[in-house]
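Peer 1: Pasting final.tsv here (TSV, C-alpha atoms and all ligand atoms):
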```
chain	number	residue	atom	x	y	z
A	1088	MET	CA	0.00	0.00	0.00
A	1089	ASN	CA	2.83	2.43	0.84
A	1090	LEU	CA	4.29	1.88	-2.61
A	1091	ALA	CA	0.94	2.72	-4.15
A	1092	TYR	CA	0.80	5.97	-2.17
A	1093	ARG	CA	4.35	6.82	-3.18
A	1094	TRP	CA	3.49	6.24	-6.82
A	1095	PHE	CA	0.32	8.34	-6.52
A	1096	CYS	CA	2.21	11.18	-4.78
A	1097	LYS	CA	5.08	10.99	-7.30
A	1098	LEU	CA	7.56	10.13	-4.52
A	1099	ASP	CA	10.63	8.02	-5.24
A	1100	LEU	CA	11.41	4.97	-3.09
A	1101	ASP	CA	13.94	6.87	-1.00
A	1102	ASP	CA	12.15	10.28	-0.94
A	1103	PRO	CA	11.11	11.43	2.56
A	1104	ILE	CA	7.40	11.15	3.22
A	1105	PRO	CA	5.31	13.90	4.88
A	1106	ASP	CA	4.77	13.70	8.64
A	1107	HIS	CA	1.40	12.09	9.45
A	1108	SER	CA	0.19	15.29	11.14
A	1109	THR	CA	0.59	17.15	7.81
A	1110	PHE	CA	-2.71	15.71	6.64
A	1111	SER	CA	-4.78	16.81	9.62
A	1112	LYS	CA	-3.00	20.18	9.86
A	1113	ASN	CA	-3.71	20.86	6.19
A	1114	ARG	CA	-7.28	19.69	6.49
A	1115	HIS	CA	-8.01	21.82	9.56
A	1116	GLY	CA	-5.89	24.84	8.75
A	1117	ARG	CA	-5.26	25.37	5.06
A	1118	PHE	CA	-8.15	23.59	3.37
A	1119	ARG	CA	-11.03	23.77	5.87
A	1120	ASP	CA	-12.78	26.66	4.16
A	1121	SER	CA	-11.42	26.06	0.69
A	1122	GLN	CA	-14.34	23.85	-0.44
A	1123	THR	CA	-11.77	21.37	-1.77
A	1124	PHE	CA	-13.92	18.32	-1.05
A	1125	ARG	CA	-16.94	19.91	-2.70
A	1126	TRP	CA	-14.78	20.76	-5.71
A	1127	VAL	CA	-13.69	17.10	-5.97
A	1128	PHE	CA	-17.29	15.89	-5.55
A	1129	GLU	CA	-18.50	18.21	-8.30
A	1130	ARG	CA	-15.70	17.25	-10.71
A	1131	VAL	CA	-16.62	13.57	-10.30
A	1132	LEU	CA	-20.31	14.40	-10.77
A	1133	GLN	CA	-19.46	16.39	-13.90
A	1134	ARG	CA	-17.70	13.30	-15.29
A	1135	CYS	CA	-20.77	11.16	-14.49
A	1136	MET	CA	-22.88	13.67	-16.42
A	1137	THR	CA	-20.49	13.65	-19.37
A	1138	GLU	CA	-20.74	9.84	-19.44
A	1139	GLY	CA	-24.54	10.07	-19.66
A	1140	LEU	CA	-25.22	8.63	-16.19
A	1141	VAL	CA	-27.37	11.56	-15.00
A	1142	GLY	CA	-30.83	11.90	-16.56
A	1143	GLY	CA	-32.02	15.02	-14.68
A	1144	GLU	CA	-35.71	14.02	-14.98
A	1145	GLY	CA	-36.32	12.62	-11.49
A	1146	PHE	CA	-34.46	13.07	-8.20
A	1147	ALA	CA	-34.98	11.20	-4.93
A	1148	THR	CA	-34.07	12.60	-1.54
A	1149	ASP	CA	-33.55	11.08	1.89
A	1150	ALA	CA	-31.45	11.43	5.04
A	1151	SER	CA	-29.55	9.02	7.24
A	1152	ILE	CA	-28.31	9.43	10.81
A	1153	ILE	CA	-24.60	8.79	11.45
A	1154	LYS	CA	-23.18	8.56	14.97
A	1155	ALA	CA	-20.75	11.28	16.05
A	1156	ASP	CA	-17.27	10.40	17.34
A	1157	VAL	CA	-17.93	11.27	20.99
A	1158	LYS	CA	-18.08	9.63	24.39
A	1159	GLN	CA	-21.76	9.52	25.38
A	1160	GLN	CA	-20.84	10.11	29.04
A	1161	ARG	CA	-19.11	13.45	28.34
A	1162	ARG	CA	-22.24	15.55	28.13
A	1163	VAL	CA	-24.25	18.18	30.02
A	1164	ALA	CA	-27.95	19.04	30.07
A	1165	GLY	CA	-28.84	21.55	27.35
A	1166	ASP	CA	-30.25	24.08	29.83
A	1167	SER	CA	-27.21	23.98	32.16
A	1168	ASP	CA	-25.12	27.14	32.51
A	1169	MET	CA	-22.13	25.73	30.68
A	1170	ASP	CA	-18.92	27.76	30.79
A	1171	TRP	CA	-16.92	26.76	27.71
A	1172	GLY	CA	-13.84	28.54	29.08
A	1173	ASP	CA	-11.30	30.40	27.02
A	1174	PRO	CA	-12.17	29.88	23.32
A	1175	GLU	CA	-8.45	30.11	22.51
A	1176	GLN	CA	-7.79	27.03	24.65
A	1177	ALA	CA	-10.83	25.08	23.47
A	1178	THR	CA	-10.71	22.19	21.02
A	1179	ARG	CA	-11.53	22.83	17.35
A	1180	PRO	CA	-15.13	21.46	17.45
A	1181	ILE	CA	-15.89	23.67	20.49
A	1182	ARG	CA	-14.34	26.75	18.83
A	1183	GLU	CA	-16.43	26.07	15.71
A	1184	TYR	CA	-19.57	25.60	17.79
A	1185	LEU	CA	-19.03	28.88	19.70
A	1186	ALA	CA	-18.24	30.74	16.47
A	1187	VAL	CA	-21.50	29.54	14.86
A	1188	LEU	CA	-23.50	30.53	17.97
A	1189	GLU	CA	-21.94	33.98	17.92
A	1190	GLU	CA	-22.36	34.44	14.18
A	1191	THR	CA	-25.97	33.30	13.85
A	1192	ASN	CA	-27.24	34.35	17.29
A	1193	ASP	CA	-29.93	31.82	16.42
A	1194	PRO	CA	-32.57	31.23	19.12
A	1195	LYS	CA	-32.96	27.51	18.31
A	1196	PRO	CA	-34.79	25.33	20.86
A	1197	THR	CA	-32.46	24.26	23.67
A	1198	PRO	CA	-31.15	20.74	23.02
A	1199	LYS	CA	-31.82	18.18	25.72
A	1200	GLU	CA	-28.14	17.23	26.02
A	1201	ILE	CA	-24.92	18.79	24.71
A	1202	SER	CA	-21.75	16.82	24.04
A	1203	LEU	CA	-18.63	18.28	25.65
A	1204	THR	CA	-16.49	16.74	22.88
A	1205	ASP	CA	-18.55	17.82	19.87
A	1206	PRO	CA	-21.27	20.29	20.92
A	1207	ALA	CA	-22.69	20.65	17.38
A	1208	ALA	CA	-23.77	16.97	17.33
A	1209	SER	CA	-27.47	16.31	17.97
A	1210	TRP	CA	-28.69	14.18	20.87
A	1211	THR	CA	-31.11	11.83	19.19
A	1212	ALA	CA	-32.73	8.41	19.44
A	1213	ALA	CA	-34.12	5.97	16.91
A	1214	ALA	CA	-37.59	4.77	17.90
A	1215	GLY	CA	-37.28	2.54	20.94
A	1216	GLY	CA	-33.45	2.70	21.03
A	1217	PHE	CA	-30.91	4.36	23.31
A	1218	PRO	CA	-30.18	8.04	22.58
A	1219	PHE	CA	-26.82	9.03	21.10
A	1220	PHE	CA	-25.02	12.01	19.49
A	1221	ALA	CA	-25.20	12.17	15.69
A	1222	TYR	CA	-25.34	14.17	12.48
A	1223	SER	CA	-27.58	13.69	9.44
A	1224	THR	CA	-26.32	13.17	5.92
A	1225	HIS	CA	-28.74	14.14	3.15
A	1226	TYR	CA	-28.57	12.82	-0.42
A	1227	LEU	CA	-30.13	14.09	-3.60
A	1228	VAL	CA	-29.94	11.22	-6.09
A	1229	ASP	CA	-30.61	11.17	-9.82
A	1230	LEU	CA	-32.90	8.24	-10.59
A	1231	LYS	CA	-31.38	7.23	-13.93
A	1232	ALA	CA	-28.32	5.39	-12.55
A	1233	GLY	CA	-28.43	6.27	-8.84
A	1234	ILE	CA	-25.73	8.96	-9.04
A	1235	ILE	CA	-25.61	11.32	-6.02
A	1236	VAL	CA	-26.03	14.83	-7.41
A	1237	ASP	CA	-25.68	16.58	-4.04
A	1238	VAL	CA	-24.95	15.89	-0.39
A	1239	GLU	CA	-25.49	18.02	2.70
A	1240	ALA	CA	-24.69	17.66	6.41
A	1241	SER	CA	-27.01	18.90	9.14
A	1242	ALA	CA	-28.19	18.48	12.69
A	1243	VAL	CA	-30.71	15.67	13.18
A	1244	SER	CA	-34.21	17.12	12.86
A	1245	LYS	CA	-37.25	16.99	10.59
A	1246	THR	CA	-36.91	20.70	9.79
A	1247	ALA	CA	-33.31	20.10	8.72
A	1248	GLU	CA	-34.46	17.47	6.19
A	1249	ALA	CA	-36.66	19.97	4.38
A	1250	GLU	CA	-34.05	22.74	4.55
A	1251	ALA	CA	-31.28	20.47	3.27
A	1252	THR	CA	-33.41	19.33	0.32
A	1253	GLN	CA	-34.17	22.92	-0.66
A	1254	THR	CA	-30.47	23.85	-0.39
A	1255	MET	CA	-29.44	20.87	-2.55
A	1256	ILE	CA	-32.08	21.46	-5.26
A	1257	GLU	CA	-31.11	25.15	-5.49
A	1258	ARG	CA	-27.37	24.36	-5.56
A	1259	VAL	CA	-27.64	21.69	-8.27
A	1260	GLU	CA	-29.70	24.05	-10.41
A	1261	GLU	CA	-27.21	26.89	-9.93
A	1262	THR	CA	-24.08	24.78	-10.46
A	1263	PHE	CA	-25.19	22.39	-13.21
A	1264	ASP	CA	-28.38	23.95	-14.57
A	1265	LEU	CA	-30.19	20.74	-13.54
A	1266	LYS	CA	-33.75	20.85	-12.20
A	1267	PRO	CA	-35.86	17.67	-11.93
A	1268	GLU	CA	-39.44	17.37	-13.13
A	1269	ARG	CA	-40.30	15.25	-10.06
A	1270	LEU	CA	-38.94	14.80	-6.56
A	1271	VAL	CA	-39.37	11.46	-4.79
A	1272	GLY	CA	-39.26	11.30	-0.99
A	1273	ASP	CA	-40.90	9.92	2.14
A	1274	THR	CA	-43.45	11.54	4.46
A	1275	ASN	CA	-40.81	13.80	6.03
A	1276	TYR	CA	-40.84	15.78	2.76
A	1277	GLY	CA	-44.65	15.92	2.64
A	1278	THR	CA	-45.16	18.95	4.88
A	1279	ALA	CA	-47.25	21.83	3.56
A	1280	ALA	CA	-44.22	24.17	3.54
A	1281	ILE	CA	-41.99	21.98	1.35
A	1282	LEU	CA	-44.88	20.96	-0.93
A	1283	GLY	CA	-45.72	24.64	-1.40
A	1284	TRP	CA	-42.08	25.41	-2.26
A	1285	LEU	CA	-41.85	22.50	-4.73
A	1286	VAL	CA	-45.15	23.17	-6.51
A	1287	ASP	CA	-45.52	26.96	-6.38
A	1288	VAL	CA	-41.89	28.11	-6.48
A	1289	LYS	CA	-39.91	25.40	-8.29
A	1290	HIS	CA	-42.71	23.80	-10.36
A	1291	ILE	CA	-41.47	20.30	-9.44
A	1292	GLU	CA	-43.96	17.43	-9.07
A	1293	PRO	CA	-43.92	16.16	-5.46
A	1294	HIS	CA	-43.96	12.34	-5.53
A	1295	VAL	CA	-44.21	12.20	-1.74
A	1296	PRO	CA	-46.90	11.11	0.72
A	1297	VAL	CA	-48.56	14.11	2.40
A	1298	TRP	CA	-47.71	14.61	6.06
A	1299	ASP	CA	-51.14	15.34	7.49
A	1300	LYS	CA	-51.39	15.85	11.24
A	1301	SER	CA	-54.99	17.04	11.06
A	1302	GLU	CA	-56.51	13.54	11.39
A	1303	ARG	CA	-58.11	13.28	14.84
A	1304	LYS	CA	-57.91	10.11	16.91
A	1305	ASP	CA	-60.53	10.97	19.55
A	1306	GLY	CA	-63.50	10.12	17.32
A	1307	THR	CA	-64.44	13.75	16.52
A	1308	PHE	CA	-64.58	15.02	12.92
A	1309	SER	CA	-61.18	15.52	11.29
A	1310	ARG	CA	-60.48	18.34	8.86
A	1311	SER	CA	-61.01	15.92	5.98
A	1312	GLY	CA	-64.72	15.83	6.96
A	1313	PHE	CA	-65.01	19.53	5.99
A	1314	ARG	CA	-65.20	20.49	2.30
A	1315	PHE	CA	-63.31	23.56	1.10
A	1316	ASP	CA	-65.34	25.87	-1.14
A	1317	ALA	CA	-62.53	27.73	-2.93
A	1318	GLU	CA	-64.84	30.07	-4.85
A	1319	ASN	CA	-66.26	31.54	-1.65
A	1320	ASN	CA	-63.16	30.97	0.51
A	1321	ARG	CA	-64.98	28.97	3.17
A	1322	TYR	CA	-65.29	25.44	4.56
A	1323	ILE	CA	-68.61	23.57	4.63
A	1324	CYS	CA	-69.05	21.39	7.73
A	1325	PRO	CA	-70.79	17.97	7.94
A	1326	ALA	CA	-74.00	19.77	9.03
A	1327	GLY	CA	-73.88	21.97	5.91
A	1328	LYS	CA	-72.92	25.18	7.79
A	1329	PHE	CA	-70.11	27.55	6.78
A	1330	LEU	CA	-66.73	28.19	8.42
A	1331	LYS	CA	-65.28	31.55	7.41
A	1332	THR	CA	-62.09	33.48	8.20
A	1333	ALA	CA	-64.13	36.32	9.76
A	1334	TRP	CA	-67.68	36.91	10.86
A	1335	ARG	CA	-67.57	40.35	12.37
A	1336	SER	CA	-64.01	41.21	13.32
A	1337	LYS	CA	-61.69	42.49	10.61
A	1338	LYS	CA	-58.72	41.51	12.80
A	1339	LYS	CA	-58.75	38.07	11.32
A	1340	ASN	CA	-56.24	35.31	10.91
A	1341	PRO	CA	-56.47	34.64	7.15
A	1342	TYR	CA	-55.76	30.93	7.66
A	1343	ARG	CA	-58.18	30.21	10.55
A	1344	TYR	CA	-61.77	29.38	9.58
A	1345	ARG	CA	-64.47	29.57	12.26
A	1346	ALA	CA	-68.01	28.25	12.41
A	1347	SER	CA	-70.72	30.50	13.80
A	1348	GLN	CA	-71.19	30.03	17.55
A	1349	GLN	CA	-74.94	30.15	17.02
A	1350	ASP	CA	-74.84	27.32	14.44
A	1351	CYS	CA	-72.67	25.09	16.65
A	1352	GLN	CA	-74.67	25.62	19.87
A	1353	SER	CA	-77.83	24.29	18.26
A	1354	CYS	CA	-76.16	21.59	16.14
A	1355	PRO	CA	-77.06	17.92	16.80
A	1356	LEU	CA	-73.52	16.93	15.64
A	1357	LYS	CA	-71.70	19.12	18.18
A	1358	VAL	CA	-70.63	16.17	20.38
A	1359	GLN	CA	-68.92	14.58	17.35
A	1360	CYS	CA	-67.44	17.88	16.21
A	1361	CYS	CA	-66.33	20.23	19.00
A	1362	PRO	CA	-67.61	18.90	22.36
A	1363	ASN	CA	-65.31	21.14	24.45
A	1364	MET	CA	-65.48	24.35	22.47
A	1365	ALA	CA	-68.11	26.97	21.73
A	1366	GLN	CA	-67.58	26.59	17.99
A	1367	ARG	CA	-65.37	24.66	15.54
A	1368	ASN	CA	-62.20	26.11	14.03
A	1369	ILE	CA	-60.25	24.79	11.05
A	1370	ASP	CA	-56.68	25.93	10.30
A	1371	ARG	CA	-55.67	26.03	6.66
A	1372	SER	CA	-52.01	26.21	5.63
A	1373	PRO	CA	-50.98	28.98	3.20
A	1374	HIS	CA	-49.63	26.09	1.06
A	1375	GLU	CA	-52.84	24.05	1.21
A	1376	SER	CA	-53.46	24.21	-2.55
A	1377	ALA	CA	-50.02	22.67	-3.13
A	1378	ARG	CA	-50.91	19.98	-0.60
A	1379	ASP	CA	-53.86	19.01	-2.81
A	1380	VAL	CA	-51.44	18.29	-5.71
A	1381	ALA	CA	-49.57	15.44	-3.97
A	1382	PRO	CA	-52.62	13.18	-3.29
A	1383	ALA	CA	-53.65	13.56	-6.95
A	1384	ILE	CA	-50.17	12.44	-8.07
A	1385	ALA	CA	-50.27	9.55	-5.56
A	1386	LYS	CA	-53.09	7.94	-7.59
A	1387	THR	CA	-51.01	7.73	-10.79
A	1388	ASP	CA	-48.84	4.88	-12.16
A	1389	ALA	CA	-45.90	7.30	-12.25
A	1390	TYR	CA	-46.13	7.57	-8.47
A	1391	GLN	CA	-45.99	3.77	-8.10
A	1392	GLN	CA	-42.86	3.80	-10.25
A	1393	SER	CA	-41.38	6.58	-8.11
A	1394	SER	CA	-42.08	4.62	-4.92
A	1395	MET	CA	-40.04	1.71	-6.27
A	1396	GLU	CA	-37.26	4.03	-7.45
A	1397	ARG	CA	-36.96	5.52	-3.95
A	1398	LYS	CA	-35.11	2.32	-3.01
A	1399	LYS	CA	-32.09	3.64	-4.97
A	1400	VAL	CA	-31.36	6.24	-2.31
A	1401	GLU	CA	-32.09	3.80	0.53
A	1402	MET	CA	-29.62	1.33	-1.01
A	1403	LEU	CA	-26.93	4.02	-1.11
A	1404	PHE	CA	-27.32	4.55	2.64
A	1405	ALA	CA	-27.23	0.80	3.27
A	1406	HIS	CA	-24.01	0.62	1.21
A	1407	LEU	CA	-22.60	3.61	3.09
A	1408	LYS	CA	-23.08	1.93	6.46
A	1409	ARG	CA	-22.54	-1.76	5.72
A	1410	ILE	CA	-19.85	-1.77	3.03
A	1411	LEU	CA	-18.08	1.56	3.53
A	1412	ARG	CA	-18.58	1.19	7.29
A	1413	LEU	CA	-19.57	4.80	7.88
A	1414	ASP	CA	-21.89	4.02	10.77
A	1415	LYS	CA	-19.77	6.36	12.92
A	1416	LEU	CA	-17.90	9.53	11.96
A	1417	ARG	CA	-14.15	9.79	12.35
A	1418	LEU	CA	-13.97	13.61	12.21
A	1419	ARG	CA	-15.56	15.99	14.72
A	1420	GLY	CA	-17.51	19.21	14.43
A	1421	PHE	CA	-20.01	20.20	11.77
A	1422	SER	CA	-17.27	20.83	9.22
A	1423	GLY	CA	-15.78	17.40	9.95
A	1424	ALA	CA	-19.17	15.75	9.29
A	1425	ARG	CA	-19.60	17.79	6.09
A	1426	ASP	CA	-16.13	16.82	4.81
A	1427	GLU	CA	-16.64	13.13	5.55
A	1428	PHE	CA	-20.10	13.02	3.96
A	1429	LEU	CA	-18.75	14.72	0.82
A	1430	LEU	CA	-15.83	12.31	0.57
A	1431	VAL	CA	-17.92	9.20	0.99
A	1432	ALA	CA	-20.52	10.40	-1.55
A	1433	THR	CA	-17.67	11.06	-3.98
A	1434	ALA	CA	-16.39	7.52	-3.43
A	1435	GLN	CA	-19.88	6.09	-4.04
A	1436	ASN	CA	-20.20	8.02	-7.31
A	1437	LEU	CA	-16.74	6.90	-8.46
A	1438	ARG	CA	-17.64	3.30	-7.68
A	1439	ARG	CA	-20.97	3.53	-9.51
A	1440	MET	CA	-19.31	5.17	-12.53
A	1441	ALA	CA	-16.54	2.56	-12.64
A	1442	LYS	CA	-19.09	-0.26	-12.55
A	1443	ARG	CA	-21.22	1.28	-15.29
A	1444	LEU	CA	-18.34	2.13	-17.58
A	1445	ALA	CA	-16.16	-0.91	-16.98
A	1446	VAL	CA	-15.14	-2.41	-20.26
A	1447	LYS	CA	-15.80	-6.13	-20.29
A	1448	ALA	CA	-12.56	-8.08	-20.21
A	1449	PRO	CA	-11.90	-9.74	-23.57
A	1450	LYS	CA	-12.63	-13.47	-23.66
A	1451	ALA	CA	-9.62	-15.79	-23.47
A	1452	MET	CA	-8.12	-16.23	-26.86
A	1453	VAL	CA	-8.57	-19.74	-28.30
A	1454	ILE	CA	-5.39	-20.91	-29.98
A	1455	PRO	CA	-6.14	-23.31	-32.87
A	1456	ALA	CA	-4.48	-26.72	-32.54
A	1501	LIG	S1	-70.79	21.71	15.49
A	1501	LIG	FE1	-70.72	23.51	14.18
A	1501	LIG	S2	-69.10	23.05	12.73
A	1501	LIG	FE2	-69.60	21.16	13.76
A	1501	LIG	S3	-71.01	20.16	12.40
A	1501	LIG	FE3	-72.22	21.34	13.83
A	1501	LIG	S4	-72.50	23.33	12.92
A	1501	LIG	FE4	-70.94	22.31	11.79
```
As structure tokens - that is how I would like this structure written.
Peer 2:
Amino acid sequence: MNLAYRWFCKLDLDDPIPDHSTFSKNRHGRFRDSQTFRWVFERVLQRCMTEGLVGGEGFATDASIIKADVKQQRRVAGDSDMDWGDPEQATRPIREYLAVLEETNDPKPTPKEISLTDPAASWTAAAGGFPFFAYSTHYLVDLKAGIIVDVEASAVSKTAEAEATQTMIERVEETFDLKPERLVGDTNYGTAAILGWLVDVKHIEPHVPVWDKSERKDGTFSRSGFRFDAENNRYICPAGKFLKTAWRSKKKNPYRYRASQQDCQSCPLKVQCCPNMAQRNIDRSPHESARDVAPAIAKTDAYQQSSMERKKVEMLFAHLKRILRLDKLRLRGFSGARDEFLLVATAQNLRRMAKRLAVKAPKAMVIPA
């Protein structure tokens, strides 16, 4: 292996080799903000495009959680008054974390636990499992040959999934002038906000199941029991009465529809509708019209095809963890996670391209007797 490295680095057999710390010093100091890994990722992607492996018609998106390189025990409660000490003396991940806090001054919800080794990592738990510190890697994958067209690192959260997808779609369009006709994803991408952005802003078909939290489980009428009358901007309830954004007051919430108190008080269906309230309210998202588009697409054959194609991105994550063994990060801090995710996605694209373009070895020559 050392000979192979020497050959690759154009070093002779007796040339001195760099000190091992050169690599980490360069990575942390000289190249951290140089976008070198993104540059490499994009050059490999460009080659995949040149070889005709990227169709650009359909993209799939998904995220996977990767454990951070931290000791679980070295942590404090998120609401504790943590003194991080002198930033000059702190480790690199802590310096980065403090710099981001200072720069964004972002009032994000307080995390439940903060790692003392890598404070940017998220304290998270898979359903039913033990909690741990982790980052999310997000992929945007072209469905023609399963080439990764973008990758993004983030904290572990549902909001981050939507934000990362928007960032990746915008970046791929800006960098490569590529915008898909359809986006395939799971329910996490079916919120009203992201559907509205896809349909109204980007004009991309959302091949995703709608994330609808309006279904009630207590036996009372869900929002789906109320019909929206778009022409008159009102809902019609199961008793045939109207819910409007305002009855008398002009100080109205344009997305909250209310029934008349008088109608509800005398309604025989009140117990099934709003037993604990004077009248029924329905909240409508500003992106509700976009949310109507996804269920219509879900009835088509194209959607069934998309659901099967979604496996391409799931398989890439399985490969990432089982074959490339990236079930735990080796680098710390947000920038460490970003660098590692970019490198591994580059390796997956190189591997996919090599497999697709490999020239079949010529058959053994038969020498006539
Ligand atoms: S309680 Fe009010 S909103 Fe509900 S069904 Fe009756 S009239 Fe309609």
Peer 1: Write out as an MDAnalysis selection string which residues come within 7 Å of Pro1267 in chain A when counting all atoms listed in the file, dropping same-chain ones fewer than 5 positions away.
Peer 2: chainID A and resid 1143:1146 1291
Peer 1: Show me, as a list in words, the residues that have an atom within 12 Å of Ala1333 in chain A when counting all atoms listed in the file, minus same-chain residues fewer than 6 positions from it.
Peer 2: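 The contact residues come out as Asn1320, Arg1321, Lys1339, Asn1340, Pro1341, Tyr1342, Arg1343, Tyr1344, Arg1345, Ala1346, Ser1347 and Asn1368 of chain A.
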Peer 1: Save out the residues we just selected, C-alpha atoms, as a PDB file, keeping the file's coordinate frame.
Peer 2:
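result_2.pdb, written as the output of this step:
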```
ATOM      1  CA  ASN A1320     -63.160  30.970   0.510  1.00  0.00           C
ATOM      2  CA  ARG A1321     -64.980  28.970   3.170  1.00  0.00           C
ATOM      3  CA  LYS A1339     -58.750  38.070  11.320  1.00  0.00           C
ATOM      4  CA  ASN A1340     -56.240  35.310  10.910  1.00  0.00           C
ATOM      5  CA  PRO A1341     -56.470  34.640   7.150  1.00  0.00           C
ATOM      6  CA  TYR A1342     -55.760  30.930   7.660  1.00  0.00           C
ATOM      7  CA  ARG A1343     -58.180  30.210  10.550  1.00  0.00           C
ATOM      8  CA  TYR A1344     -61.770  29.380   9.580  1.00  0.00           C
ATOM      9  CA  ARG A1345     -64.470  29.570  12.260  1.00  0.00           C
ATOM     10  CA  ALA A1346     -68.010  28.250  12.410  1.00  0.00           C
ATOM     11  CA  SER A1347     -70.720  30.500  13.800  1.00  0.00           C
ATOM     12  CA  ASN A1368     -62.200  26.110  14.030  1.00  0.00           C
TER      13      ASN A1368
END
```
Peer 1: Taking all atoms listed in the file into account, which of A:Ile1384, A:Asp1426, A:Met1364, A:Ala1445 comes nearest ligand LIG 1501 (chain A)?
Peer 2: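 Going through A:Ile1384, A:Asp1426, A:Met1364, A:Ala1445 one by one, the smallest distance to ligand LIG 1501 (chain A) is for A:Met1364.
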Peer 1: So how far away is CA of Lys1199 in chain A from CA of Lys1304 in chain A, in Å?
Peer 2: 28.7 Å
Peer 1: For Asp1101 in chain A, list every protein, DNA or RNA residue within 12 Å, evaluated using all atoms listed in the file, and leave out those in the same chain fewer than 5 positions away; present the list as a VMD selection string.
Peer 2: chain A and resid 1090 1093 to 1094
Peer 1: Within 12 Å of ligand LIG 1501 (chain A), counting all atoms listed in the file, which protein or nucleic acid residues do you find, written as number ranges by chain?
Peer 2: A: 1307-1310, 1312-1314, 1321-1331, 1344-1369
Peer 1: For Trp1298 in chain A, which residue out of A:Leu1285, A:Ala1279, A:Leu1416, A:Ala1155 is the nearest one, using all atoms listed in the file?
Peer 2: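 The answer is A:Ala1279, which sits nearest to Trp1298 in chain A.
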Peer 1: In Å, rounded to a single decimal, give me how far CA of Gly1165 in chain A is from CA of Pro1198 in chain A.
Peer 2: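 So the two atoms, CA of Pro1198 in chain A and CA of Gly1165 in chain A, lie 5.0 Å apart.
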Peer 1: Could you give me, as a ChimeraX atom specification, the residues within 12 Å of Thr1224 in chain A, counting all atoms listed in the file and dropping anything in the same chain fewer than 2 positions from it?
Peer 2: /A:1148-1155,1221-1222,1226-1227,1237-1244,1247-1248,1251-1252,1255,1400,1403-1404,1407-1408,1413-1416,1421,1424-1432
Peer 1: Rank nothing, just name the residue among A:Asp1299, A:Glu1292, A:Glu1268, A:Glu1401 nearest to Val1380 in chain A, using only C-alpha atoms.
Peer 2: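 Between A:Asp1299, A:Glu1292, A:Glu1268, A:Glu1401, the residue approaching Val1380 in chain A most closely is A:Glu1292.
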